[in-house]
Amino acid sequence: MGVSLWKRCSFRSSPYNLNRFFSMNRIISYNLENIRQAAAQFITYMEGRTVFSFDGLMGAGKTTFIKAVCEELGVVDVINSPTFSIINEYKTASSLIYHFDFYRINKINEAREIGVEDYFYSGHLCFIEWPEIIQSLLPENTVFVSIKEQPDGFRLITM
């Protein structure tokens, strides 16, 4: 089974107020064997958007997928989870990518103090894990991305 795409999805189970987020109504199915193909497909769907909010259970593969997307975009730096640093910065030949992990943030003011809104409105790509606490700071055109592990080991990404 390869990377696949369907033109419908449901966000009813999401904890977010999805009226604030841009919905692309796309689903990508992948496993670790074809994660780079899925990342390349994801990039084609980005369509100039820069802020992506990733939701998924612990271990769903958010960091792993973001790493694959960054590699497909040409990042040669070591790509890892910013759980302890809150933000990692990666360079491509022509741009910057900011990778956030807000798992350890307890209050929205902690995010404000590090200037997250400056990053979100910088025009550079922002990939955000564990965005629940900072939801009100996200730009209106943020793309909501959900990753769910399936019983067969595949992951479904809905955008």
# chains A, B, ... in the order shown; residues from 1 in each chain; ligands from 1
$ residues_around --residues "Ser85 of chain A" --least-positions-apart "2" --cutoff "10 Å" --atoms "only C-alpha atoms" --output "count of residues only"
9
$ residues_around --residues "Ser95 of chain A" --least-positions-apart "5" --cutoff "9 Å" --atoms "only C-alpha atoms" --output "JSON, numbers by chain"
{"A": [90, 124, 125]}
$ residues_around --residues "segment 30-36 of chain A" --least-positions-apart "3" --cutoff "6 Å" --atoms "only C-alpha atoms" --output "list in words"
Val3, Ala39, Ala68, Phe154 and Arg155 of chain A
$ select_by_dssp --residues "segment 60-155 of chain A" --states "alpha helix (DSSP H)" --output "number ranges by chain"
A: 62-72, 108-113, 116-120
$ residues_around --residues "Lys148 of chain A" --least-positions-apart "6" --cutoff "12 Å" --atoms "only C-alpha atoms" --output "ChimeraX atom specification"
/A:13-14,27-31,54-62,65,154-159
$ residues_around --residues "Arg112 of chain A" --least-positions-apart "3" --cutoff "12 Å" --atoms "only C-alpha atoms" --output "CSV table (one decimal) with C-alpha atoms, in the first residue's frame"
chain,number,residue,atom,x,y,z
A,102,PHE,CA,4.8,23.3,23.3
A,105,ILE,CA,4.6,25.1,28.1
A,106,ASN,CA,2.2,25.5,31.0
A,107,LYS,CA,0.9,29.1,30.4
A,108,ILE,CA,0.3,31.0,27.2
A,109,ASN,CA,2.5,33.9,28.6
A,115,GLY,CA,8.1,35.8,20.9
A,116,VAL,CA,6.3,33.0,19.2
A,117,GLU,CA,4.0,35.5,17.3
A,118,ASP,CA,7.1,37.0,15.7
A,119,TYR,CA,8.0,33.6,14.4
A,120,PHE,CA,4.4,32.8,13.2
A,133,ILE,CA,-2.0,26.0,25.0
A,134,ILE,CA,-1.0,28.6,22.3
A,135,GLN,CA,-4.1,28.1,20.1
A,136,SER,CA,-5.2,31.7,20.6
A,137,LEU,CA,-1.8,33.0,19.3
A,138,LEU,CA,-2.0,31.1,16.0
